[in-house]
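Raw my_file_35.pdb, PDB, C-alpha atoms, pLDDT in the B column:
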```
ATOM      1  CA  MET A 649      99.681 112.665 113.536  1.00 43.00           C
ATOM      2  CA  PRO A 650     103.225 112.112 114.871  1.00 44.00           C
ATOM      3  CA  PHE A 651     105.365 115.265 115.084  1.00 35.00           C
ATOM      4  CA  ARG A 652     107.970 114.149 112.580  1.00 42.00           C
ATOM      5  CA  ILE A 653     105.344 113.313 109.978  1.00 43.00           C
ATOM      6  CA  ARG A 654     103.680 116.694 110.303  1.00 41.00           C
ATOM      7  CA  THR A 655     107.087 118.383 110.071  1.00 39.00           C
ATOM      8  CA  LEU A 656     107.692 116.843 106.672  1.00 42.00           C
ATOM      9  CA  ALA A 657     104.141 117.447 105.534  1.00 42.00           C
ATOM     10  CA  LEU A 658     104.536 121.145 106.226  1.00 32.00           C
ATOM     11  CA  SER A 659     107.672 121.375 104.122  1.00 36.00           C
ATOM     12  CA  ALA A 660     106.876 122.728 100.669  1.00 32.00           C
ATOM     13  CA  ALA A 661     109.748 120.716  99.224  1.00 36.00           C
ATOM     14  CA  ALA A 662     108.140 117.503 100.440  1.00 41.00           C
ATOM     15  CA  LEU A 663     105.071 117.899  98.298  1.00 46.00           C
ATOM     16  CA  PRO A 664     105.044 117.118  94.568  1.00 41.00           C
ATOM     17  CA  PHE A 665     102.227 119.642  94.103  1.00 38.00           C
ATOM     18  CA  ALA A 666     100.286 122.305  95.946  1.00 38.00           C
ATOM     19  CA  LEU A 667      98.307 120.507  98.621  1.00 44.00           C
ATOM     20  CA  ALA A 668      96.414 121.911 101.567  1.00 42.00           C
ATOM     21  CA  LEU A 669      96.777 120.003 104.823  1.00 47.00           C
ATOM     22  CA  SER A 670      93.739 118.447 106.437  1.00 60.00           C
ATOM     23  CA  ALA A 671      93.317 116.367 109.554  1.00 74.00           C
ATOM     24  CA  CYS A 672      92.634 112.761 110.402  1.00 84.00           C
ATOM     25  CA  GLY A 673      89.337 112.333 112.199  1.00 73.00           C
ATOM     26  CA  ASP A 674      88.734 116.023 112.850  1.00 57.00           C
ATOM     27  CA  LYS A 675      85.021 116.027 112.119  1.00 51.00           C
ATOM     28  CA  LYS A 676      82.264 114.522 114.209  1.00 55.00           C
ATOM     29  CA  ALA A 677      79.315 112.734 112.678  1.00 53.00           C
ATOM     30  CA  GLU A 678      76.966 115.298 111.213  1.00 58.00           C
ATOM     31  CA  GLY A 679      73.414 115.038 109.928  1.00 58.00           C
ATOM     32  CA  THR A 680      71.244 111.988 110.053  1.00 65.00           C
ATOM     33  CA  GLY A 681      71.880 110.716 106.548  1.00 73.00           C
ATOM     34  CA  PRO A 682      69.173 109.349 104.290  1.00 78.00           C
ATOM     35  CA  SER A 683      66.285 107.299 105.626  1.00 74.00           C
ATOM     36  CA  GLY A 684      64.002 104.913 103.849  1.00 80.00           C
ATOM     37  CA  GLU A 685      62.041 101.695 103.820  1.00 88.00           C
ATOM     38  CA  PRO A 686      63.888  98.365 104.095  1.00 93.00           C
ATOM     39  CA  VAL A 687      65.641  97.386 100.869  1.00 94.00           C
ATOM     40  CA  ALA A 688      65.530  93.830  99.559  1.00 96.00           C
ATOM     41  CA  ASN A 689      68.669  91.846  98.806  1.00 97.00           C
ATOM     42  CA  VAL A 690      69.889  91.884  95.217  1.00 97.00           C
ATOM     43  CA  ALA A 691      71.284  88.684  93.729  1.00 97.00           C
ATOM     44  CA  PRO A 692      74.783  88.938  92.235  1.00 97.00           C
ATOM     45  CA  PRO A 693      75.622  87.795  88.693  1.00 96.00           C
ATOM     46  CA  ALA A 694      75.709  84.024  88.301  1.00 96.00           C
ATOM     47  CA  GLY A 695      78.857  82.479  89.722  1.00 95.00           C
ATOM     48  CA  LYS A 696      80.002  85.673  91.442  1.00 96.00           C
ATOM     49  CA  ALA A 697      79.736  87.493  94.734  1.00 98.00           C
ATOM     50  CA  TRP A 698      79.161  91.227  94.923  1.00 98.00           C
ATOM     51  CA  THR A 699      82.398  91.589  96.892  1.00 98.00           C
ATOM     52  CA  ASP A 700      84.273  90.279  93.831  1.00 97.00           C
ATOM     53  CA  ILE A 701      83.056  93.158  91.686  1.00 98.00           C
ATOM     54  CA  VAL A 702      85.255  96.255  91.921  1.00 98.00           C
ATOM     55  CA  SER A 703      85.362  99.116  89.453  1.00 98.00           C
ATOM     56  CA  LYS A 704      86.966 102.533  89.190  1.00 98.00           C
ATOM     57  CA  THR A 705      84.507 105.396  89.265  1.00 98.00           C
ATOM     58  CA  ASP A 706      84.424 108.661  87.341  1.00 96.00           C
ATOM     59  CA  GLU A 707      85.374 110.463  90.577  1.00 96.00           C
ATOM     60  CA  GLY A 708      88.607 108.459  90.802  1.00 97.00           C
ATOM     61  CA  GLY A 709      87.356 106.172  93.554  1.00 98.00           C
ATOM     62  CA  TYR A 710      87.224 102.385  93.763  1.00 98.00           C
ATOM     63  CA  ARG A 711      83.762 100.897  94.259  1.00 98.00           C
ATOM     64  CA  MET A 712      83.109  97.401  95.590  1.00 98.00           C
ATOM     65  CA  GLY A 713      79.742  95.750  95.144  1.00 98.00           C
ATOM     66  CA  ASN A 714      76.582  96.203  93.146  1.00 98.00           C
ATOM     67  CA  PRO A 715      77.105  99.299  90.958  1.00 97.00           C
ATOM     68  CA  ASP A 716      73.340  99.854  91.029  1.00 97.00           C
ATOM     69  CA  ALA A 717      72.981  99.316  94.781  1.00 98.00           C
ATOM     70  CA  PRO A 718      70.186 101.488  96.200  1.00 97.00           C
ATOM     71  CA  ILE A 719      72.430 102.476  99.122  1.00 98.00           C
ATOM     72  CA  LYS A 720      75.772 103.935  98.106  1.00 98.00           C
ATOM     73  CA  LEU A 721      78.423 104.424 100.789  1.00 98.00           C
ATOM     74  CA  VAL A 722      81.446 106.581  99.964  1.00 98.00           C
ATOM     75  CA  GLU A 723      84.478 106.967 102.213  1.00 98.00           C
ATOM     76  CA  TYR A 724      87.047 109.698 101.772  1.00 98.00           C
ATOM     77  CA  GLY A 725      90.018 108.003 103.382  1.00 98.00           C
ATOM     78  CA  ALA A 726      93.755 108.526 103.788  1.00 98.00           C
ATOM     79  CA  LEU A 727      96.239 105.702 104.113  1.00 98.00           C
ATOM     80  CA  SER A 728      98.175 107.644 106.757  1.00 97.00           C
ATOM     81  CA  CYS A 729      95.039 108.245 108.857  1.00 97.00           C
ATOM     82  CA  SER A 730      94.855 106.240 112.088  1.00 97.00           C
ATOM     83  CA  HIS A 731      91.088 106.784 112.356  1.00 97.00           C
ATOM     84  CA  CYS A 732      90.675 105.281 108.878  1.00 98.00           C
ATOM     85  CA  ALA A 733      92.745 102.309 109.996  1.00 98.00           C
ATOM     86  CA  GLU A 734      90.558 101.869 113.055  1.00 98.00           C
ATOM     87  CA  PHE A 735      87.400 102.055 110.961  1.00 98.00           C
ATOM     88  CA  ALA A 736      88.737  99.465 108.508  1.00 98.00           C
ATOM     89  CA  LYS A 737      89.505  97.073 111.356  1.00 97.00           C
ATOM     90  CA  GLU A 738      86.076  97.505 112.930  1.00 97.00           C
ATOM     91  CA  SER A 739      83.991  97.431 109.758  1.00 97.00           C
ATOM     92  CA  ASN A 740      85.604  95.055 107.303  1.00 94.00           C
ATOM     93  CA  GLU A 741      83.910  91.781 108.231  1.00 95.00           C
ATOM     94  CA  LYS A 742      80.339  93.072 108.495  1.00 97.00           C
ATOM     95  CA  LEU A 743      80.507  95.761 105.833  1.00 98.00           C
ATOM     96  CA  GLN A 744      81.699  93.338 103.185  1.00 98.00           C
ATOM     97  CA  GLY A 745      80.251  90.080 104.486  1.00 97.00           C
ATOM     98  CA  ASP A 746      76.754  91.398 105.233  1.00 97.00           C
ATOM     99  CA  TYR A 747      76.021  94.724 103.591  1.00 98.00           C
ATOM    100  CA  ILE A 748      78.012  94.661 100.349  1.00 98.00           C
ATOM    101  CA  ALA A 749      77.432  90.929  99.844  1.00 98.00           C
ATOM    102  CA  SER A 750      73.679  91.528 100.028  1.00 98.00           C
ATOM    103  CA  GLY A 751      73.735  93.764  96.957  1.00 98.00           C
ATOM    104  CA  ARG A 752      71.931  96.480  98.899  1.00 98.00           C
ATOM    105  CA  VAL A 753      75.046  98.535  99.669  1.00 98.00           C
ATOM    106  CA  SER A 754      78.049  99.471  97.569  1.00 98.00           C
ATOM    107  CA  TYR A 755      81.231 100.858  99.079  1.00 98.00           C
ATOM    108  CA  GLU A 756      83.493 103.339  97.308  1.00 98.00           C
ATOM    109  CA  LEU A 757      86.910 104.379  98.598  1.00 98.00           C
ATOM    110  CA  ARG A 758      88.143 107.784  97.439  1.00 98.00           C
ATOM    111  CA  TYR A 759      91.695 108.622  98.454  1.00 98.00           C
ATOM    112  CA  PHE A 760      92.232 111.935 100.235  1.00 97.00           C
ATOM    113  CA  MET A 761      95.767 113.313 100.587  1.00 97.00           C
ATOM    114  CA  LEU A 762      96.362 114.441 104.172  1.00 94.00           C
ATOM    115  CA  ASN A 763     100.132 114.799 103.790  1.00 92.00           C
ATOM    116  CA  ALA A 764     103.165 113.849 101.731  1.00 90.00           C
ATOM    117  CA  PHE A 765     103.042 110.205 102.817  1.00 96.00           C
ATOM    118  CA  ASP A 766      99.576 109.583 101.434  1.00 97.00           C
ATOM    119  CA  VAL A 767     100.844 110.295  97.930  1.00 96.00           C
ATOM    120  CA  PRO A 768     103.327 107.396  97.548  1.00 97.00           C
ATOM    121  CA  ALA A 769     101.065 105.092  99.569  1.00 98.00           C
ATOM    122  CA  SER A 770      98.102 105.791  97.277  1.00 98.00           C
ATOM    123  CA  LEU A 771     100.214 105.455  94.120  1.00 98.00           C
ATOM    124  CA  LEU A 772     101.458 102.047  95.266  1.00 98.00           C
ATOM    125  CA  ALA A 773      98.032 100.845  96.431  1.00 98.00           C
ATOM    126  CA  THR A 774      96.644 101.604  92.961  1.00 98.00           C
ATOM    127  CA  CYS A 775      99.660 100.243  91.088  1.00 98.00           C
ATOM    128  CA  GLY A 776      98.185  96.789  90.460  1.00 97.00           C
ATOM    129  CA  THR A 777      94.763  95.614  89.389  1.00 98.00           C
ATOM    130  CA  THR A 778      91.574  97.493  90.184  1.00 98.00           C
ATOM    131  CA  GLU A 779      90.320  94.514  92.205  1.00 97.00           C
ATOM    132  CA  ALA A 780      93.398  94.663  94.463  1.00 98.00           C
ATOM    133  CA  VAL A 781      93.047  98.316  95.513  1.00 98.00           C
ATOM    134  CA  ILE A 782      90.607  97.983  98.418  1.00 98.00           C
ATOM    135  CA  PRO A 783      92.201  94.805  99.877  1.00 98.00           C
ATOM    136  CA  LEU A 784      95.652  96.414  99.647  1.00 98.00           C
ATOM    137  CA  SER A 785      94.345  99.529 101.363  1.00 98.00           C
ATOM    138  CA  GLU A 786      92.886  97.466 104.193  1.00 98.00           C
ATOM    139  CA  GLN A 787      96.166  95.589 104.604  1.00 98.00           C
ATOM    140  CA  PHE A 788      98.093  98.850 104.580  1.00 98.00           C
ATOM    141  CA  TRP A 789      95.880 100.306 107.310  1.00 98.00           C
ATOM    142  CA  ALA A 790      96.565  97.225 109.448  1.00 98.00           C
ATOM    143  CA  TRP A 791     100.311  97.669 108.823  1.00 98.00           C
ATOM    144  CA  GLN A 792     100.218 101.454 109.286  1.00 98.00           C
ATOM    145  CA  PRO A 793     101.919 101.590 112.759  1.00 98.00           C
ATOM    146  CA  ASN A 794     105.009 100.092 111.131  1.00 98.00           C
ATOM    147  CA  MET A 795     105.151 103.032 108.731  1.00 98.00           C
ATOM    148  CA  PHE A 796     105.147 105.475 111.636  1.00 97.00           C
ATOM    149  CA  ASN A 797     107.904 103.511 113.362  1.00 97.00           C
ATOM    150  CA  ASN A 798     110.012 103.421 110.195  1.00 97.00           C
ATOM    151  CA  LEU A 799     109.660 107.166 109.657  1.00 96.00           C
ATOM    152  CA  GLN A 800     110.540 107.871 113.272  1.00 95.00           C
ATOM    153  CA  ALA A 801     113.637 105.703 112.950  1.00 96.00           C
ATOM    154  CA  ALA A 802     114.684 107.395 109.706  1.00 96.00           C
ATOM    155  CA  GLY A 803     114.871 110.773 111.408  1.00 94.00           C
ATOM    156  CA  ASP A 804     114.329 114.291 110.149  1.00 92.00           C
ATOM    157  CA  ALA A 805     117.617 114.570 108.270  1.00 94.00           C
ATOM    158  CA  LYS A 806     116.910 111.643 105.933  1.00 95.00           C
ATOM    159  CA  LEU A 807     113.300 112.701 105.480  1.00 92.00           C
ATOM    160  CA  GLN A 808     114.318 116.208 104.487  1.00 92.00           C
ATOM    161  CA  GLN A 809     116.953 114.835 102.102  1.00 94.00           C
ATOM    162  CA  ALA A 810     114.260 112.721 100.439  1.00 94.00           C
ATOM    163  CA  ALA A 811     111.914 115.711 100.281  1.00 90.00           C
ATOM    164  CA  ALA A 812     114.562 117.770  98.448  1.00 91.00           C
ATOM    165  CA  LEU A 813     115.016 115.284  95.600  1.00 92.00           C
ATOM    166  CA  PRO A 814     113.616 115.933  92.105  1.00 90.00           C
ATOM    167  CA  ALA A 815     109.908 115.151  91.785  1.00 82.00           C
ATOM    168  CA  ASN A 816     110.415 111.906  89.867  1.00 82.00           C
ATOM    169  CA  GLN A 817     112.721 110.552  92.611  1.00 92.00           C
ATOM    170  CA  ARG A 818     111.184 112.069  95.725  1.00 94.00           C
ATOM    171  CA  LEU A 819     108.225 109.749  96.222  1.00 95.00           C
ATOM    172  CA  GLN A 820     110.303 106.617  95.752  1.00 96.00           C
ATOM    173  CA  ALA A 821     112.788 107.812  98.375  1.00 96.00           C
ATOM    174  CA  ILE A 822     109.986 108.595 100.852  1.00 96.00           C
ATOM    175  CA  ALA A 823     108.346 105.230 100.165  1.00 97.00           C
ATOM    176  CA  GLN A 824     111.604 103.406 100.869  1.00 97.00           C
ATOM    177  CA  LEU A 825     112.197 105.248 104.144  1.00 97.00           C
ATOM    178  CA  ALA A 826     108.629 104.529 105.243  1.00 97.00           C
ATOM    179  CA  GLY A 827     108.913 100.825 104.387  1.00 98.00           C
ATOM    180  CA  MET A 828     106.141 101.073 101.803  1.00 98.00           C
ATOM    181  CA  THR A 829     108.281  99.622  99.018  1.00 97.00           C
ATOM    182  CA  ASP A 830     108.896  96.409 100.973  1.00 98.00           C
ATOM    183  CA  PHE A 831     105.270  96.240 102.133  1.00 98.00           C
ATOM    184  CA  PHE A 832     103.809  96.351  98.629  1.00 98.00           C
ATOM    185  CA  ALA A 833     106.580  94.179  97.134  1.00 98.00           C
ATOM    186  CA  ALA A 834     105.510  91.435  99.523  1.00 98.00           C
ATOM    187  CA  ARG A 835     101.952  91.767  98.153  1.00 98.00           C
ATOM    188  CA  GLY A 836     102.540  91.531  94.430  1.00 97.00           C
ATOM    189  CA  ILE A 837     103.728  95.017  93.468  1.00 98.00           C
ATOM    190  CA  SER A 838     107.292  94.374  92.314  1.00 97.00           C
ATOM    191  CA  ARG A 839     109.978  96.941  93.014  1.00 96.00           C
ATOM    192  CA  ASP A 840     110.281  97.866  89.338  1.00 97.00           C
ATOM    193  CA  GLN A 841     106.522  98.160  89.001  1.00 98.00           C
ATOM    194  CA  GLY A 842     106.345 100.226  92.168  1.00 98.00           C
ATOM    195  CA  ALA A 843     109.168 102.511  91.036  1.00 97.00           C
ATOM    196  CA  ALA A 844     107.339 103.228  87.784  1.00 97.00           C
ATOM    197  CA  CYS A 845     104.145 104.072  89.640  1.00 97.00           C
ATOM    198  CA  LEU A 846     105.977 106.308  92.100  1.00 97.00           C
ATOM    199  CA  ALA A 847     107.561 108.234  89.206  1.00 95.00           C
ATOM    200  CA  ASP A 848     104.133 108.981  87.729  1.00 95.00           C
ATOM    201  CA  THR A 849     103.931 112.661  88.640  1.00 92.00           C
ATOM    202  CA  ALA A 850     100.837 113.130  86.467  1.00 94.00           C
ATOM    203  CA  LYS A 851      98.925 110.617  88.579  1.00 96.00           C
ATOM    204  CA  ALA A 852     100.254 112.265  91.743  1.00 95.00           C
ATOM    205  CA  ASP A 853      98.917 115.589  90.479  1.00 95.00           C
ATOM    206  CA  LEU A 854      95.564 113.928  89.802  1.00 96.00           C
ATOM    207  CA  LEU A 855      95.394 112.684  93.393  1.00 96.00           C
ATOM    208  CA  ALA A 856      95.977 116.252  94.539  1.00 95.00           C
ATOM    209  CA  LYS A 857      93.251 117.579  92.261  1.00 96.00           C
ATOM    210  CA  GLN A 858      90.807 114.953  93.502  1.00 97.00           C
ATOM    211  CA  THR A 859      91.607 115.989  97.070  1.00 97.00           C
ATOM    212  CA  GLU A 860      91.046 119.637  96.179  1.00 96.00           C
ATOM    213  CA  THR A 861      87.695 118.760  94.596  1.00 96.00           C
ATOM    214  CA  ALA A 862      86.652 116.844  97.696  1.00 97.00           C
ATOM    215  CA  SER A 863      87.537 119.843  99.834  1.00 96.00           C
ATOM    216  CA  THR A 864      85.897 122.528  97.717  1.00 96.00           C
ATOM    217  CA  LYS A 865      82.922 120.684  96.242  1.00 96.00           C
ATOM    218  CA  TYR A 866      82.007 118.326  99.088  1.00 96.00           C
ATOM    219  CA  ASN A 867      83.453 120.199 102.093  1.00 96.00           C
ATOM    220  CA  VAL A 868      85.639 117.281 103.126  1.00 96.00           C
ATOM    221  CA  SER A 869      88.137 118.568 105.677  1.00 93.00           C
ATOM    222  CA  GLY A 870      89.227 115.386 107.432  1.00 93.00           C
ATOM    223  CA  THR A 871      89.275 111.626 107.166  1.00 96.00           C
ATOM    224  CA  PRO A 872      87.453 109.398 107.232  1.00 97.00           C
ATOM    225  CA  THR A 873      84.447 111.331 105.950  1.00 98.00           C
ATOM    226  CA  PHE A 874      81.428 109.319 104.836  1.00 98.00           C
ATOM    227  CA  PHE A 875      78.586 109.959 102.427  1.00 98.00           C
ATOM    228  CA  ILE A 876      75.462 107.833 102.071  1.00 98.00           C
ATOM    229  CA  ASN A 877      73.586 108.461  98.824  1.00 97.00           C
ATOM    230  CA  ASP A 878      75.421 111.793  98.422  1.00 96.00           C
ATOM    231  CA  ALA A 879      74.444 112.986 101.931  1.00 97.00           C
ATOM    232  CA  SER A 880      77.417 113.688 104.198  1.00 97.00           C
ATOM    233  CA  VAL A 881      77.351 111.940 107.556  1.00 96.00           C
ATOM    234  CA  GLY A 882      80.782 113.281 108.536  1.00 95.00           C
ATOM    235  CA  THR A 883      83.234 111.172 110.513  1.00 94.00           C
ATOM    236  CA  ALA A 884      81.804 108.162 112.325  1.00 93.00           C
ATOM    237  CA  ASP A 885      82.933 104.923 113.907  1.00 95.00           C
ATOM    238  CA  TRP A 886      81.535 101.680 112.518  1.00 97.00           C
ATOM    239  CA  ALA A 887      78.779 101.326 115.116  1.00 96.00           C
ATOM    240  CA  THR A 888      77.445 104.787 114.282  1.00 96.00           C
ATOM    241  CA  LEU A 889      77.770 104.343 110.534  1.00 97.00           C
ATOM    242  CA  GLU A 890      76.087 100.953 110.606  1.00 97.00           C
ATOM    243  CA  GLY A 891      73.083 102.574 112.258  1.00 97.00           C
ATOM    244  CA  LYS A 892      72.926 105.100 109.431  1.00 97.00           C
ATOM    245  CA  LEU A 893      73.111 102.343 106.804  1.00 97.00           C
ATOM    246  CA  LYS A 894      70.230 100.587 108.508  1.00 97.00           C
ATOM    247  CA  ALA A 895      68.252 103.827 108.636  1.00 96.00           C
ATOM    248  CA  ALA A 896      68.839 104.210 104.893  1.00 97.00           C
ATOM    249  CA  GLY A 897      67.174 100.811 104.318  1.00 97.00           C
ATOM    250  CA  ALA A 898      69.903  98.202 104.821  1.00 96.00           C
ATOM    251  CA  ARG A 899      67.865  96.288 107.406  1.00 90.00           C
TER
END
```

Starting from the file, lay out its structure as structure tokens.
Amino acid sequence: MPFRIRTLALSAAALPFALALSACGDKKAEGTGPSGEPVANVAPPAGKAWTDIVSKTDEGGYRMGNPDAPIKLVEYGALSCSHCAEFAKESNEKLQGDYIASGRVSYELRYFMLNAFDVPASLLATCGTTEAVIPLSEQFWAWQPNMFNNLQAAGDAKLQQAAALPANQRLQAIAQLAGMTDFFAARGISRDQGAACLADTAKADLLAKQTETASTKYNVSGTPTFFINDASVGTADWATLEGKLKAAGAR
């Protein structure tokens, strides 16, 4: 994580709630994950593809694919995490085009707050329709280096000024400095709509609570962390994770 970003993340005034810091990509792959016999393809509903079906889960995640898929992949990811961005780039075509489309695998994204920048990014990514959340996240990860450049250009003084604003103004100011407001406005989240979502401190608190639950209940300490059928496989690149999906029966 760039120095300036960590500086702001460590400032108590920057956070709209109590939030423990974690790391991006700090865990190696652990365990072997589930194993099983090959699983047959499952046909999608008539006139649809499994990749068109996205729903919000009870855990606050966003699941793409067959909700009854025998192989359930969960990613705890952060929009500020460069390792998550790399995974998205490597995996997107095959994960969605082969595994999710087959009906054998579902994919659920659960946001994990690494720092103060993940909060406005996650609020904006979830500001539109449920179906748009995962595509917007993937596009944000591809755009992510621009966020780092914008924050570097803004400088510590402006970042600290934004961090000191009242809670209902703070996230919007950070989002503007990072370029997030323009990014999402260009993808269907209007400025007024985005401002309303960024002022939703209750939803920001919920994101923090979900992160705390992931840390305490599931021992998630970094991103991306993957689970296959509730078994943690830690942090893995796409090649490694694909092998674990195949071992679980997606072959």

With all atoms listed in the file counted and 10 Å as the cut-off, give the residues of stretch 699-725 of chain A in contact with stretch 741-754 of chain A, each with its shortest interatomic distance in Å and the pair that gives it, as a Markdown table.
```
| residue | atom | partner | partner_atom | distance |
| --- | --- | --- | --- | --- |
| A:Thr699 | CA | A:Ala749 | CA | 5.8 |
| A:Asp700 | CA | A:Ala749 | CA | 9.1 |
| A:Ile701 | CA | A:Ser754 | CA | 10.0 |
| A:Val702 | CA | A:Ser754 | CA | 9.7 |
| A:Arg711 | CA | A:Ser754 | CA | 6.8 |
| A:Met712 | CA | A:Ser754 | CA | 5.8 |
| A:Gly713 | CA | A:Ser754 | CA | 4.8 |
| A:Asn714 | CA | A:Gly751 | CA | 5.3 |
| A:Pro715 | CA | A:Ser754 | CA | 6.7 |
| A:Asp716 | CA | A:Ser754 | CA | 8.1 |
| A:Ala717 | CA | A:Arg752 | CA | 5.1 |
| A:Pro718 | CA | A:Arg752 | CA | 6.0 |
| A:Ile719 | CA | A:Val753 | CA | 4.8 |
| A:Lys720 | CA | A:Ser754 | CA | 5.0 |
| A:Leu721 | CA | A:Ser754 | CA | 5.9 |
| A:Val722 | CA | A:Ser754 | CA | 8.2 |
```

What does the PyMOL selection byres ((chain A and resi 881) around 12) select in this file, as a VMD selection string? chain A and resid 675 to 682 721 to 724 866 to 868 871 to 880 882 to 885 888 to 893 896

For A:Thr778, which of A:Thr829, A:Asn740, A:Ser703, A:Thr861 is the closest residue, counting only C-alpha atoms?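 Under the stated criterion, the closest residue is A:Ser703.
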
Please indicate the distance in Å from atom CA of A:Glu685 to atom CA of A:Ala736, rounded to one decimal place.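 Atom CA of A:Ala736 lies 27.2 Å from atom CA of A:Glu685.
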
As a PyMOL selection string, please: the residues near A:Ala847 (cut-off 12 Å, all atoms listed in the file, same-chain neighbours under 2 positions excluded). chain A and resi 664+767-768+771-772+775+814-823+840-845+849-853

Close residues, A:Lys737 itself excluded, 10 Å, only C-alpha atoms, min 2 positions apart in chain, as a compact mmCIF listing (two decimals) with C-alpha atoms, in the frame of the given file:
```txt
# COMPACT_ATOMS: atom_id res chain seq x y z
CA HIS A 731 91.09 106.78 112.36
CA CYS A 732 90.68 105.28 108.88
CA ALA A 733 92.74 102.31 110.00
CA GLU A 734 90.56 101.87 113.06
CA PHE A 735 87.40 102.06 110.96
CA SER A 739 83.99 97.43 109.76
CA ASN A 740 85.60 95.06 107.30
CA GLU A 741 83.91 91.78 108.23
CA GLU A 786 92.89 97.47 104.19
CA GLN A 787 96.17 95.59 104.60
CA TRP A 789 95.88 100.31 107.31
CA ALA A 790 96.56 97.22 109.45
CA TRP A 886 81.54 101.68 112.52
```

Which distance in Å separates atom CA of A:Arg835 and atom CA of A:Glu756, to one decimal?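 One can read the atom CA of A:Arg835 to atom CA of A:Glu756 distance as 21.8 Å.
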
Hey, could you make a per-residue contact list for stretch 688-729 of chain A against stretch 792-800 of chain A with 9 Å as the cut-off, showing the nearest pair of atoms and its distance in Å to one decimal, counting all atoms listed in the file, sorted by chain and number, as CSV?
```
residue,atom,partner,partner_atom,distance
A:Leu727,CA,A:Gln792,CA,7.8
A:Ser728,CA,A:Gln792,CA,7.0
A:Cys729,CA,A:Gln792,CA,8.6
```

Where is the centre and how long are the edges: axis-aligned box on stretch 721-738 of chain A, 5 Å on each side, Å to one decimal, as AutoDock Vina command-line options:
```
--center_x 88.3 --center_y 103.4 --center_z 106.5 --size_x 29.8 --size_y 22.6 --size_z 23.1
```
